[in-house]
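**Q** This is the content of input_35.txt (compact mmCIF, C-alpha atoms):
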# COMPACT_ATOMS: atom_id res chain seq x y z
CA MET A 20 0.00 0.00 0.00
CA ASN A 21 1.09 3.59 -0.60
CA PRO A 22 2.14 5.65 2.44
CA ALA A 23 -0.49 8.13 3.63
CA GLU A 24 0.10 11.85 4.02
CA ASN A 25 -1.48 11.66 7.48
CA ARG A 26 0.00 10.08 10.58
CA MET A 27 -1.99 8.53 13.41
CA CYS A 28 -1.54 7.40 16.98
CA ARG A 29 -0.94 3.71 17.54
CA HIS A 30 -4.24 3.24 19.37
CA LEU A 31 -6.25 3.95 16.20
CA LEU A 32 -4.48 1.07 14.46
CA ASP A 33 -5.76 -1.38 17.05
CA THR A 34 -9.46 -0.79 16.41
CA SER A 35 -11.89 0.28 13.69
CA ALA A 36 -13.12 3.81 13.13
CA GLU A 37 -16.64 2.76 14.10
CA ASP A 38 -15.48 1.71 17.58
CA VAL A 39 -13.40 4.67 18.73
CA ASP A 40 -13.70 8.43 18.99
CA PHE A 41 -10.92 10.45 17.42
CA VAL A 42 -9.80 13.98 16.59
CA ARG A 43 -7.95 15.63 13.75
CA LEU A 44 -4.74 17.33 14.85
CA LEU A 45 -3.90 20.18 12.49
CA THR A 46 -0.20 20.25 11.62
CA GLY A 47 0.06 23.97 10.77
CA CYS A 48 0.58 23.22 7.07
CA GLY A 49 -2.61 24.38 5.40
CA ILE A 50 -5.37 22.10 6.68
CA ASP A 51 -3.21 18.98 6.76
CA PHE A 52 -3.90 16.87 9.83
CA ASP A 53 -2.94 13.78 11.77
CA LEU A 54 -5.35 11.47 13.61
CA ALA A 55 -5.33 10.75 17.34
CA CYS A 56 -7.56 9.03 19.88
CA LEU A 57 -9.07 11.13 22.68
CA ASP A 58 -6.46 10.03 25.24
CA CYS A 59 -3.61 11.07 22.96
CA ASP A 60 -5.44 14.31 22.19
CA LYS A 61 -5.58 15.10 25.92
CA ALA A 62 -1.86 14.44 26.15
CA VAL A 63 -1.23 16.87 23.29
CA GLU A 64 -3.39 19.49 24.97
CA ALA A 65 -1.38 19.04 28.18
CA GLY A 66 1.86 19.57 26.28
CA GLY A 67 3.02 15.99 26.58
CA PRO A 68 4.67 13.82 23.92
CA VAL A 69 2.50 11.67 21.68
CA GLU A 70 3.77 9.08 19.25
CA LEU A 71 2.34 9.56 15.77
CA ILE A 72 3.40 6.92 13.31
CA GLU A 73 3.54 6.69 9.54
CA VAL A 74 0.73 4.55 8.11
CA CYS A 75 -0.59 3.47 4.74
CA GLU A 76 -3.46 5.03 2.82
CA GLY A 77 -5.70 2.11 3.72
CA CYS A 78 -5.35 2.79 7.46
CA VAL A 79 -6.40 6.41 7.02
CA ALA A 80 -9.19 5.55 4.57
CA GLY A 81 -11.08 3.78 7.35
CA TYR A 82 -11.54 7.13 9.08
CA ALA A 83 -12.30 9.22 5.99
CA ASP A 84 -16.08 8.93 6.22
CA GLU A 85 -16.29 9.04 10.02
CA ARG A 86 -17.01 12.26 11.91
CA PRO A 87 -14.15 13.40 14.20
CA GLU A 88 -14.94 14.68 17.68
CA ALA A 89 -13.08 17.93 16.95
CA TRP A 90 -10.32 19.66 15.04
CA HIS A 91 -7.49 20.75 17.31
CA GLY A 92 -4.39 22.80 16.65
CA GLN A 93 -3.86 25.69 14.26
CA PRO A 94 -4.16 25.53 10.48
CA GLY A 95 -1.62 27.15 8.20
CA ILE A 96 -2.50 30.11 5.99
CA LEU A 97 -1.14 29.93 2.47
CA GLU A 98 0.20 33.27 1.23
CA ARG A 99 0.90 34.74 -2.21
CA HIS A 100 1.35 38.47 -1.89
CA GLU A 101 -0.03 40.61 -4.70
CA PRO A 102 -0.51 44.38 -4.92
CA VAL A 103 -3.87 45.38 -3.45
CA ALA A 104 -5.06 48.99 -3.55
CA GLN A 105 -5.74 50.43 -0.12
CA ASN A 106 -7.87 53.40 -1.20
CA VAL A 107 -11.38 53.18 0.26
CA ILE A 108 -13.65 55.92 -1.09
CA GLU A 109 -15.78 57.62 1.57
CA THR A 110 -18.95 59.46 0.53
CA PRO A 111 -21.26 61.23 3.01
CA LEU A 112 -24.87 60.09 2.85
CA PRO A 113 -27.56 62.75 2.40
CA ALA A 114 -28.16 64.86 5.49
CA GLY A 115 -31.30 64.03 7.41
CA LEU A 116 -31.63 60.57 5.87
CA GLY A 117 -31.49 58.80 9.22
CA PRO A 118 -29.78 55.53 10.16
CA VAL A 119 -29.35 53.06 7.29
CA THR A 120 -30.25 49.50 8.24
CA ASP A 121 -29.39 47.75 4.97
CA LEU A 122 -27.63 48.42 1.67
CA VAL A 123 -27.80 46.67 -1.72
CA PRO A 124 -26.54 47.57 -5.21
CA ALA A 125 -29.00 49.10 -7.68
CA GLY A 126 -28.04 46.75 -10.52
CA VAL A 127 -26.58 49.35 -12.89
CA ASP A 128 -23.74 48.61 -15.30
CA ASP A 129 -21.98 51.94 -14.79
CA GLY A 130 -21.57 54.34 -11.93
CA SER A 131 -22.04 53.74 -8.21
CA VAL A 132 -25.75 53.55 -7.42
CA TRP A 133 -27.19 51.94 -4.30
CA ILE A 134 -30.54 51.17 -2.72
CA LEU A 135 -30.71 52.02 0.98
CA LEU A 136 -33.19 50.86 3.59
CA VAL A 137 -33.55 53.59 6.19
CA GLU A 138 -34.64 52.97 9.77
CA SER A 139 -37.84 54.93 9.06
CA GLY A 140 -38.77 52.32 6.41
CA GLU A 141 -37.90 54.48 3.40
CA ILE A 142 -36.30 52.72 0.44
CA VAL A 143 -33.92 55.26 -1.11
CA ARG A 144 -31.96 55.25 -4.38
CA PHE A 145 -28.58 56.95 -3.85
CA ASP A 146 -26.06 57.91 -6.53
CA ALA A 147 -22.72 58.03 -4.75
CA GLU A 148 -21.03 59.98 -7.56
CA SER A 149 -23.59 62.78 -7.91
CA GLY A 150 -25.04 62.71 -4.40
CA ALA A 151 -28.58 62.58 -5.80
CA HIS A 152 -31.11 60.57 -3.84
CA THR A 153 -34.76 59.65 -4.32
CA THR A 154 -37.24 57.91 -2.04
CA LEU A 155 -38.74 55.05 -4.03
CA ALA A 156 -41.10 53.50 -1.47
CA THR A 157 -41.74 53.22 2.24
CA ALA A 158 -41.91 49.87 4.00
CA THR A 159 -44.49 49.27 6.70
CA VAL A 160 -43.49 45.72 7.62
CA PRO A 161 -45.11 44.96 11.00
CA ASP A 162 -42.95 44.85 14.08
CA GLU A 163 -42.95 41.60 16.01
CA PRO A 164 -43.28 42.60 19.67
CA GLY A 165 -42.16 40.08 22.22
CA HIS A 166 -39.64 38.53 19.85
CA GLN A 167 -36.94 36.76 21.84
CA PRO A 168 -33.64 36.21 19.97
CA TRP A 169 -32.62 32.58 19.60
CA ALA A 170 -28.89 31.77 19.88
CA GLY A 171 -28.00 35.42 19.30
CA ARG A 172 -30.11 35.72 16.15
CA ALA A 173 -31.81 39.07 16.72
CA LEU A 174 -34.72 40.24 14.57
CA ARG A 175 -33.51 42.64 11.85
CA ARG A 176 -34.96 44.34 8.78
CA ARG A 177 -33.46 43.10 5.54
CA LEU A 178 -33.65 44.60 2.06
CA HIS A 179 -33.65 42.54 -1.16
CA VAL A 180 -33.70 44.09 -4.65
CA SER A 181 -34.17 42.45 -8.05
CA ALA A 182 -31.24 42.51 -10.50
CA ASP A 183 -32.89 45.26 -12.59
CA ALA A 184 -33.87 47.22 -9.44
CA ARG A 185 -37.53 47.17 -10.53
CA PHE A 186 -38.71 45.33 -7.41
CA ALA A 187 -37.70 45.18 -3.77
CA ALA A 188 -38.67 43.26 -0.67
CA VAL A 189 -38.27 44.19 2.97
CA VAL A 190 -38.49 41.30 5.42
CA ASN A 191 -37.93 40.56 9.08
CA ASP A 192 -34.99 38.19 9.25
CA TYR A 193 -35.65 35.69 12.07
CA GLY A 194 -39.28 36.78 11.96
CA GLN A 195 -42.48 36.19 10.00
CA HIS A 196 -43.39 39.30 8.01
CA GLY A 197 -42.40 41.06 4.81
CA GLN A 198 -43.56 43.16 1.85
CA VAL A 199 -42.77 43.23 -1.88
CA PHE A 200 -42.67 46.59 -3.72
CA ASP A 201 -42.80 47.86 -7.27
CA LEU A 202 -40.11 50.54 -7.10
CA GLU A 203 -41.45 52.32 -10.19
CA SER A 204 -44.79 53.04 -8.52
CA GLY A 205 -43.68 52.78 -4.90
CA GLN A 206 -46.63 50.51 -4.16
CA VAL A 207 -46.76 47.27 -2.18
CA THR A 208 -47.61 44.48 -4.64
CA PHE A 209 -48.18 41.79 -2.01
CA THR A 210 -47.37 40.93 1.58
CA LEU A 211 -45.28 38.02 2.82
CA HIS A 212 -45.63 35.63 5.72
CA GLY A 213 -42.97 33.02 6.36
CA GLY A 214 -44.85 30.84 8.81
CA VAL A 215 -45.10 30.70 12.58
CA TYR A 216 -43.08 27.57 13.38
CA ARG A 217 -39.61 28.48 14.70
CA PRO A 218 -38.95 31.43 12.35
CA LYS A 219 -36.46 32.85 14.86
CA THR A 220 -33.97 30.11 13.89
CA VAL A 221 -33.53 31.24 10.26
CA PRO A 222 -33.39 34.42 8.19
CA PHE A 223 -36.52 35.06 6.12
CA SER A 224 -36.05 32.95 2.98
CA LEU A 225 -36.26 35.29 -0.02
CA ALA A 226 -34.42 35.85 -3.29
CA PHE A 227 -35.16 37.54 -6.61
CA ALA A 228 -34.27 35.75 -9.84
CA ARG A 229 -34.84 36.01 -13.60
CA HIS A 230 -36.87 33.37 -15.45
CA ASP A 231 -37.84 33.55 -19.13
CA GLY A 232 -36.97 37.23 -19.29
CA ARG A 233 -38.97 38.36 -16.26
CA ASP A 234 -38.42 38.84 -12.54
CA VAL A 235 -39.64 36.26 -10.06
CA VAL A 236 -39.34 36.16 -6.29
CA VAL A 237 -38.72 32.99 -4.27
CA HIS A 238 -40.00 33.18 -0.71
CA ARG A 239 -40.87 31.01 2.27
CA THR A 240 -44.59 30.47 2.95
CA ALA A 241 -44.18 27.90 5.74
CA TRP A 242 -41.24 26.56 7.71
CA ASN A 243 -40.82 23.70 5.22
CA ARG A 244 -42.22 25.24 2.02
CA LEU A 245 -40.87 27.68 -0.54
CA ASP A 246 -42.89 29.26 -3.32
CA VAL A 247 -42.25 31.41 -6.39
CA SER A 248 -44.41 34.45 -7.15
CA ASP A 249 -44.65 37.21 -9.73
CA PRO A 250 -43.39 40.31 -7.86
CA ALA A 251 -45.52 42.60 -10.03
CA THR A 252 -48.83 41.03 -9.04
CA GLY A 253 -48.22 38.51 -6.27
CA GLU A 254 -49.49 35.70 -8.54
CA LEU A 255 -48.35 32.34 -7.16
CA LEU A 256 -46.36 30.42 -9.78
CA THR A 257 -45.85 27.20 -7.80
CA VAL A 258 -49.40 26.19 -6.93
CA ARG A 259 -49.43 22.74 -5.34
CA GLU A 260 -51.19 20.80 -2.61
CA PHE A 261 -49.91 17.79 -0.74
CA PRO A 262 -51.64 14.60 -1.90
CA PRO A 263 -53.26 12.64 0.93
CA ALA A 264 -51.14 10.19 2.87
CA GLU A 265 -51.97 6.52 2.65
CA SER A 266 -52.56 6.40 6.40
CA SER A 267 -52.64 8.77 9.39
CA GLU A 268 -49.28 7.44 10.49
CA GLN A 269 -47.55 8.31 7.22
CA ARG A 270 -46.44 11.64 5.86
CA PRO A 271 -47.87 12.66 2.48
CA PRO A 272 -45.74 12.30 -0.65
CA HIS A 273 -43.23 15.14 -1.18
CA TYR A 274 -43.31 16.10 2.53
CA LEU A 275 -40.06 17.91 3.38
CA ASP A 276 -38.79 17.92 6.95
CA PHE A 277 -36.51 20.93 6.51
CA PHE A 278 -36.45 24.45 7.94
CA HIS A 279 -35.81 26.79 5.01
CA GLY A 280 -33.24 29.52 5.66
CA GLY A 281 -31.15 31.84 3.50
CA LEU A 282 -31.43 31.68 -0.31
CA LEU A 283 -28.78 32.45 -2.92
CA VAL A 284 -29.37 32.48 -6.69
CA SER A 285 -26.51 31.62 -9.05
CA PRO A 286 -25.24 34.39 -11.37
CA ASP A 287 -26.88 32.69 -14.37
CA ASP A 288 -30.19 32.21 -12.47
CA ARG A 289 -29.99 28.44 -12.94
CA TRP A 290 -29.44 27.27 -9.35
CA LEU A 291 -31.03 28.09 -6.01
CA VAL A 292 -29.01 27.37 -2.90
CA ASN A 293 -30.87 27.06 0.39
CA ASP A 294 -29.16 27.09 3.80
CA GLY A 295 -31.39 25.61 6.52
CA TRP A 296 -31.59 22.83 9.06
CA VAL A 297 -33.21 19.59 10.15
CA TRP A 298 -33.55 18.03 13.56
CA HIS A 299 -31.39 17.30 15.76
CA PRO A 300 -30.38 20.09 14.63
CA VAL A 301 -28.06 19.75 11.67
CA GLY A 302 -27.45 22.57 9.22
CA ILE A 303 -27.73 21.47 5.59
CA THR A 304 -26.97 23.40 2.41
CA ARG A 305 -29.18 22.24 -0.49
CA ALA A 306 -29.46 23.26 -4.14
CA TRP A 307 -31.81 22.63 -7.07
CA GLU A 308 -32.61 24.02 -10.52
CA LEU A 309 -35.00 26.96 -10.71
CA ARG A 310 -36.04 26.42 -14.34
CA ARG A 311 -37.04 22.81 -13.76
CA TRP A 312 -39.04 23.87 -10.72
CA LEU A 313 -41.00 26.41 -12.78
CA THR A 314 -41.40 24.43 -16.00
CA GLN A 315 -41.39 20.70 -15.23
CA ASP A 316 -41.89 19.72 -11.60
CA VAL A 317 -43.72 21.90 -9.09
CA TRP A 318 -42.29 19.66 -6.33
CA GLU A 319 -38.70 20.21 -7.43
CA SER A 320 -37.77 22.15 -4.27
CA GLU A 321 -38.95 19.26 -2.11
CA ASP A 322 -37.61 16.12 -3.77
CA GLY A 323 -36.95 16.76 -7.45
CA PRO A 324 -34.14 15.01 -9.32
CA THR A 325 -31.90 18.10 -9.38
CA VAL A 326 -31.90 18.52 -5.58
CA VAL A 327 -28.40 18.04 -4.19
CA SER A 328 -27.20 18.20 -0.59
CA LEU A 329 -23.87 20.04 -0.64
CA CYS A 330 -22.73 19.91 2.97
CA SER A 331 -23.98 19.45 6.52
CA ARG A 332 -22.72 20.71 9.88
CA GLU A 333 -24.19 19.94 13.29
CA TYR A 334 -25.64 23.01 15.03
CA ASN A 335 -24.47 25.30 12.21
CA TRP A 336 -26.44 27.04 9.47
CA ASN A 337 -26.88 30.61 8.21
CA LEU A 338 -23.17 30.66 7.45
CA PRO A 339 -21.59 33.02 4.89
CA MET A 340 -21.53 31.75 1.32
CA THR A 341 -21.11 33.21 -2.16
CA TRP A 342 -21.04 32.13 -5.78
CA ILE A 343 -17.57 32.03 -7.36
CA ASN A 344 -19.10 31.44 -10.78
CA ASP A 345 -22.26 29.85 -12.21
CA ASP A 346 -21.44 26.46 -10.68
CA LEU A 347 -18.92 26.89 -7.84
CA LEU A 348 -20.06 27.91 -4.39
CA ALA A 349 -17.80 29.02 -1.53
CA VAL A 350 -19.19 28.11 1.90
CA SER A 351 -17.70 29.31 5.18
CA GLY A 352 -16.34 27.06 7.91
CA LEU A 353 -14.22 23.90 8.02
CA GLY A 354 -15.41 20.91 9.98
CA GLN A 355 -18.71 19.15 10.54
CA ASP A 356 -19.89 20.24 13.97
CA ASP A 357 -20.31 23.36 16.12
CA ASP A 358 -16.54 23.81 16.48
CA LEU A 359 -15.87 25.12 12.97
CA ILE A 360 -12.51 26.51 11.86
CA PRO A 361 -12.47 29.75 9.82
CA GLY A 362 -12.03 28.76 6.21
CA ALA A 363 -13.74 28.14 2.88
CA ARG A 364 -15.03 25.05 1.13
CA ILE A 365 -15.37 25.20 -2.65
CA LEU A 366 -18.32 23.09 -3.81
CA SER A 367 -19.57 22.19 -7.26
CA VAL A 368 -23.36 22.48 -7.37
CA GLU A 369 -23.43 20.56 -10.65
CA THR A 370 -21.79 17.46 -9.14
CA GLY A 371 -22.29 18.00 -5.40
CA LEU A 372 -18.56 17.43 -4.85
CA GLU A 373 -16.15 19.44 -2.73
CA LEU A 374 -13.34 20.58 -5.04
CA GLY A 375 -11.17 22.25 -2.44
CA ALA A 376 -10.93 23.66 1.07
CA PHE A 377 -8.55 26.04 2.79
CA ALA A 378 -8.19 27.79 6.12
CA GLY A 379 -8.41 31.50 6.84
CA PRO A 380 -11.44 33.28 5.33
CA ASP A 381 -13.82 34.58 7.98
CA GLY A 382 -16.87 36.86 8.02
CA ALA A 383 -19.09 37.61 5.02
CA PHE A 384 -18.05 36.19 1.61
CA PHE A 385 -18.08 37.89 -1.83
CA SER A 386 -16.54 36.98 -5.19
CA ASP A 387 -15.94 38.48 -8.62
CA GLY A 388 -15.26 35.10 -10.23
CA ALA A 389 -11.49 35.36 -9.87
CA ARG A 390 -11.07 36.17 -6.17
CA LEU A 391 -12.86 35.44 -2.91
CA TYR A 392 -13.25 38.40 -0.55
CA SER A 393 -13.84 37.75 3.15
CA ALA A 394 -14.99 40.51 5.49
CA GLY A 395 -13.69 39.65 8.95
CA ALA A 396 -13.74 41.92 11.99
CA ALA A 397 -10.26 43.34 11.28
CA GLY A 398 -10.95 44.12 7.64
CA MET A 399 -11.22 42.57 4.21
CA GLU A 400 -8.93 39.81 2.96
CA VAL A 401 -8.45 38.71 -0.64
CA TRP A 402 -8.08 35.03 -1.53
CA ASP A 403 -7.46 32.91 -4.60
CA PRO A 404 -10.35 30.41 -4.34
CA PHE A 405 -8.62 27.95 -6.69
CA THR A 406 -5.31 27.71 -4.80
CA GLY A 407 -6.42 28.71 -1.29
CA GLN A 408 -3.79 31.44 -1.04
CA ARG A 409 -4.34 34.79 0.63
CA THR A 410 -3.19 37.46 -1.81
CA GLY A 411 -3.88 40.70 0.03
CA ARG A 412 -5.66 42.70 2.72
CA VAL A 413 -7.50 45.97 3.19
CA PRO A 414 -7.44 46.55 6.97
CA GLY A 415 -10.35 48.38 8.57
CA PHE A 416 -12.71 47.94 5.61
CA VAL A 417 -15.55 45.49 6.34
CA PRO A 418 -17.94 45.37 3.34
CA THR A 419 -21.52 44.16 3.69
CA CYS A 420 -22.51 43.94 0.02
CA HIS A 421 -21.05 43.58 -3.48
CA ALA A 422 -22.12 45.23 -6.73
CA ARG A 423 -20.91 42.46 -9.02
CA ARG A 424 -21.62 44.40 -12.22
CA THR A 425 -19.46 47.39 -11.30
CA GLY A 426 -17.00 45.56 -9.05
CA GLU A 427 -17.59 47.64 -5.94
CA LEU A 428 -17.70 46.33 -2.39
CA ALA A 429 -19.42 48.65 0.04
CA ALA A 430 -20.66 49.26 3.57
CA VAL A 431 -22.36 52.05 5.48
CA ASP A 432 -20.44 53.27 8.51
CA GLY A 433 -22.55 55.80 10.40
CA GLY A 434 -23.40 58.50 7.86
CA ILE A 435 -20.66 57.46 5.42
CA LEU A 436 -20.82 55.13 2.43
CA ARG A 437 -17.44 53.34 2.13
CA ARG A 438 -16.52 51.75 -1.21
CA TRP A 439 -13.64 49.75 -2.66
CA CYS A 440 -13.36 48.50 -6.24
CA THR A 441 -12.16 44.96 -6.99
CA SER A 442 -10.40 46.21 -10.13
CA SER A 443 -8.47 48.98 -8.31
So that I can check it, write out the structure of this file as structure tokens.
**A**
Amino acid sequence: MNPAENRMCRHLLDTSAEDVDFVRLLTGCGIDFDLACLDCDKAVEAGGPVELIEVCEGCVAGYADERPEAWHGQPGILERHEPVAQNVIETPLPAGLGPVTDLVPAGVDDGSVWILLVESGEIVRFDAESGAHTTLATATVPDEPGHQPWAGRALRRRLHVSADARFAAVVNDYGQHGQVFDLESGQVTFTLHGGVYRPKTVPFSLAFARHDGRDVVVHRTAWNRLDVSDPATGELLTVREFPPAESSEQRPPHYLDFFHGGLLVSPDDRWLVNDGWVWHPVGITRAWELRRWLTQDVWESEDGPTVVSLCSREYNWNLPMTWINDDLLAVSGLGQDDDLIPGARILSVETGLELGAFAGPDGAFFSDGARLYSAGAAGMEVWDPFTGQRTGRVPGFVPTCHARRTGELAAVDGGILRRWCTSS
């Protein structure tokens, strides 16, 4: 047998992976690791010597599909320094606007135009180059008095805007209510309700997409059901009813035991990615094809043939993720349980396979197709998602959104709009 790249303690050679708990000991070289039983792990933690021996690939393979108890040690960060511009443009927001609670790009091909959600409920179009601003609509999404945050997930207002900036939605993340707006008329086209069963565990599932040349909006209508509607009229495009179960003890066909969370639409509008959870709880990231859902199988989001489960992590969901391109998704966090290591996993939605993983990226994720940008507490870091190397940093700049068409990353800091261009 060929020698393995990983070493392991002798105790793991004397039993099978199904009979013993073990940990992965990071070596400090990328995310390379050795394997150790819990007793040897305690010895390492205490600073004592532990014998790790060279083994064959077959010995390590027995542990490949088993879940380790934890990852211990420190990963290594791969570096490849490249010039990164440090100039962050700061533009004052209009006086008297009030606190901005969310920011999204306006979907233009040129210039720097943004849609702001103000604490008062106003949805404002702001041109950062000219300073011009216009109130497009005013949200009156109901408050949810008595809401008690779950695991630190506080209720917050969230703004979503269609790619052509014709429509918008304001929702209560970790709550039940929302509204959809026609930004040309400023009118509410229909109201949203995401269901009453444990909404505080997930952000309000909503995403705009393009289908057959028109805008559609995907939104949660119950804890385990998503629907697609026409944002101009509120017409439901995914009408379906559960067929009766064969007996009272059985669930009906197509029943989905899954709490829908955040949604992300691929750049080409082909794929929907859904980050949610199932009992006990385990976070699961799923994907399926939007076109097939709307043209062939109204049950596609439940159990259609294009549904793929990309990754699962115990006690973890609502983690940062972004599209690298039309197929590749970057998902935050290394590991499979609640003790995740900062890092990125690169997943193919087409095949469901993990194509790479590397340590380091933390905070919100963004990508322009060539680089991955992570917005940690200390500032933005730039990564090569194909090699896992960190190529640069912009300290003190923590973007919250990305205008992919114009290449700008941006955030509101008090009364200032801060912007940085990926091509600078």
**Q** Return the single residue from A:Pro111, A:Gly150, A:Gly433, A:Gly354 that is closest to Arg86 in chain A, with distances computed using all atoms listed in the file.
**A**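 Selected residue with least distance to Arg86 in chain A: A:Gly354.
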**Q** Which residues come within 10 Å of Gly77 in chain A, counting all atoms listed in the file, excluding same-chain residues fewer than 5 positions away, as number ranges by chain?
**A** A: 20-23, 82-83
**Q** CA of Ala158 in chain A and CA of Arg177 in chain A, how far apart in Å?
**A**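 CA of Ala158 in chain A lies 10.9 Å from CA of Arg177 in chain A.
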**Q** Between CA of Gly426 in chain A and CA of Pro118 in chain A, what is the distance in Å, rounded to a tenth?
**A**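 Calculated distance between CA of Gly426 in chain A and CA of Pro118 in chain A is 25.1 Å.
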**Q** What gap, in Å, lies between CA of Val247 in chain A and CA of Ala187 in chain A?
**A**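 According to the coordinates, CA of Val247 in chain A and CA of Ala187 in chain A are separated by 14.7 Å.
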**Q** I'd like to know which of A:Arg144, A:Ala188, A:Val221, A:Ala125 is closest to Gly171 in chain A, using all atoms listed in the file.
**A** A:Val221
**Q** Using the structure just given, write a file holding C-alpha atoms for range 177-213 of chain A, as an mmCIF file, in the first residue's frame.
**A**
data_model
loop_
_atom_site.group_PDB
_atom_site.id
_atom_site.type_symbol
_atom_site.label_atom_id
_atom_site.label_comp_id
_atom_site.auth_asym_id
_atom_site.auth_seq_id
_atom_site.Cartn_x
_atom_site.Cartn_y
_atom_site.Cartn_z
ATOM 1 C CA ARG A 177 -33.459 43.101 5.537
ATOM 2 C CA LEU A 178 -33.650 44.604 2.056
ATOM 3 C CA HIS A 179 -33.650 42.536 -1.162
ATOM 4 C CA VAL A 180 -33.702 44.091 -4.652
ATOM 5 C CA SER A 181 -34.166 42.453 -8.052
ATOM 6 C CA ALA A 182 -31.243 42.514 -10.495
ATOM 7 C CA ASP A 183 -32.887 45.258 -12.586
ATOM 8 C CA ALA A 184 -33.874 47.222 -9.437
ATOM 9 C CA ARG A 185 -37.528 47.173 -10.526
ATOM 10 C CA PHE A 186 -38.710 45.326 -7.414
ATOM 11 C CA ALA A 187 -37.704 45.185 -3.774
ATOM 12 C CA ALA A 188 -38.665 43.258 -0.671
ATOM 13 C CA VAL A 189 -38.275 44.191 2.965
ATOM 14 C CA VAL A 190 -38.488 41.297 5.420
ATOM 15 C CA ASN A 191 -37.934 40.562 9.081
ATOM 16 C CA ASP A 192 -34.986 38.187 9.248
ATOM 17 C CA TYR A 193 -35.652 35.691 12.071
ATOM 18 C CA GLY A 194 -39.276 36.778 11.963
ATOM 19 C CA GLN A 195 -42.475 36.193 9.998
ATOM 20 C CA HIS A 196 -43.394 39.298 8.015
ATOM 21 C CA GLY A 197 -42.398 41.058 4.813
ATOM 22 C CA GLN A 198 -43.555 43.159 1.854
ATOM 23 C CA VAL A 199 -42.773 43.229 -1.882
ATOM 24 C CA PHE A 200 -42.668 46.586 -3.718
ATOM 25 C CA ASP A 201 -42.803 47.858 -7.271
ATOM 26 C CA LEU A 202 -40.106 50.537 -7.102
ATOM 27 C CA GLU A 203 -41.454 52.325 -10.186
ATOM 28 C CA SER A 204 -44.791 53.044 -8.521
ATOM 29 C CA GLY A 205 -43.675 52.778 -4.902
ATOM 30 C CA GLN A 206 -46.634 50.514 -4.159
ATOM 31 C CA VAL A 207 -46.756 47.272 -2.181
ATOM 32 C CA THR A 208 -47.605 44.485 -4.640
ATOM 33 C CA PHE A 209 -48.176 41.793 -2.012
ATOM 34 C CA THR A 210 -47.374 40.933 1.583
ATOM 35 C CA LEU A 211 -45.284 38.022 2.815
ATOM 36 C CA HIS A 212 -45.627 35.632 5.718
ATOM 37 C CA GLY A 213 -42.972 33.024 6.356
#
